[in-house]
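A short worksheet on the structure shown next.
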Amino acid sequence: MLNGKLVIGVIGVGGIGIAHLKAAAECPNVAGVIACDNNEAVLNKNTADVNCLAKTLDWKEVIARDDVDAVIIATPDQIHREMVVASLEAGKHVLCEKPFALHTDDCRAMIDCGKRVGKKIMIGQVCRLTPAFVLAKHIVDSGDIGELFFVESEYAHDYSTMPFHWRNDPVDKRHPVSGGGCHAVDLLRWIAGNPTEAYGYTNKKVLVD
Ligand SMILES: NC(=O)c1ccc[n+]([C@@H]2O[C@H](COP(=O)([O-])OP(=O)(O)OC[C@H]3O[C@@H](n4cnc5c(N)ncnc54)[C@H](O)[C@@H]3O)[C@@H](O)[C@H]2O)c1
């Protein structure tokens, strides 16, 4: 806290992280933001027009600060767990970008850690705040269209243009179902409720093998 207001650290200020940083900096209940990215060129370029309390290449410096109340993790999926667990254990609330992790054991470890230390975790399922989806949920919940009989959701994103990118890491590959499909699945669960049974089909057309 600073002057009775929140201090937010943003770890990873690439594509989505810089949007988080700018949005946090504009919140009336936020006193200041800390920017972190281990790519110095990205850090300097993306935050050039943002008024930050500090900028750093080392994410551990962010969570070591006493004044930081919450951190936003906007780094590659493969390293969410390490950063989320360390942040929670350092006493910070966490907003972690989706997908939370690539493996369920990582998700469970982060949730368990949050419960153990008593800090909040939120996942960046941004579609839940998109006006059209909020309206769809309202229409369904209100009963105006009667009993829900069938729902369908889809998500399309061509990641194949980024062959040397972390999204196509050959060791810990990020399948598009978790990368982008998590939006579609999350919306189905949010609007229609949890399924009792699930099955799926997939192909590999969107990734370079
Ligand atoms: N909610 C959404 O709709 C949405 C949209 C885009 C991305 N995302 C998610 O946000 C995350 C980031 O995606 P992106 O598109 O911004 O990727 P990006 O590659 O543009 O940005 C990631 C940043 O993290 C930095 N980084 C990597 N390792 C780091 C470390 N050890 N310490 C500090 N910084 C480090 C990189 O230098 C890079 O600038 C992913 O989990 C992605 O799935 C969510």
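Following the order of the structure tokens, chains are lettered A, B, ..., residues in each are numbered from 1, and ligands are numbered from 1.
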Env. residues ligand 1 / 10 Å / only C-alpha atoms and all ligand atoms / as a PyMOL selection string: chain A and resi 10-20+35-43+46+56-60+72-80+82-83+96-102+123-127+165-167+174+176+178-180+182-183
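Residues lying within 9 Å of Val85 of chain A, counting only C-alpha atoms and ignoring same-chain neighbours fewer than 6 positions away, are Ala109, Met110, Ile111, Cys113 and Gly114 of chain A.
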Counting only C-alpha atoms, the residue of A:Asp106, A:Leu21, A:Ile63, A:Leu135 that sits nearest Ala48 of chain A: A:Leu21
For atom CA of Glu61 of chain A and atom CA of Thr104 of chain A, the interatomic separation in Å (one decimal):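 Separation between atom CA of Glu61 of chain A and atom CA of Thr104 of chain A: 28.1 Å.
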Pick from A:Cys52, A:Glu147, A:Ser87, A:Arg116, whichever lies nearest to Arg65 of chain A using only C-alpha atoms: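 Comparing A:Cys52, A:Glu147, A:Ser87, A:Arg116 against Arg65 of chain A, the winner is A:Ser87.
Across the structure, atom CA of Asp186 of chain A and atom CA of Ala70 of chain A are spaced 23.8 Å apart.
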Residue nearest Lys119 of chain A among A:Ala24, A:Val171, A:Ala132, A:Val71 (counting only C-alpha atoms):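 That would be A:Val71, the residue with the smallest distance to Lys119 of chain A.
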DSSP alpha helix (DSSP H) selection over segment 11-153 of chain A, as a ChimeraX atom specification: /A:17-26,40-46,59-64,80-89,104-117,131-142
Atomic separation - atom CA of Val140 of chain A relative to atom CA of Trp190 of chain A, Å: 10.7 Å
Spatial neighbours of Ala192 of chain A, max dist 10 Å, only C-alpha atoms, sep filter under 6 positions, as a list in words: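 So the residues in contact are Lys137, Val140, Asp141, Leu148, Phe149, Phe150, Val151, Glu152 and Asp186 of chain A.
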Pick from A:Val30, A:Leu129, A:Val134, A:Met1, whichever lies nearest to Asp67 of chain A using only C-alpha atoms: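 Smallest separation from Asp67 of chain A among the options: A:Met1.
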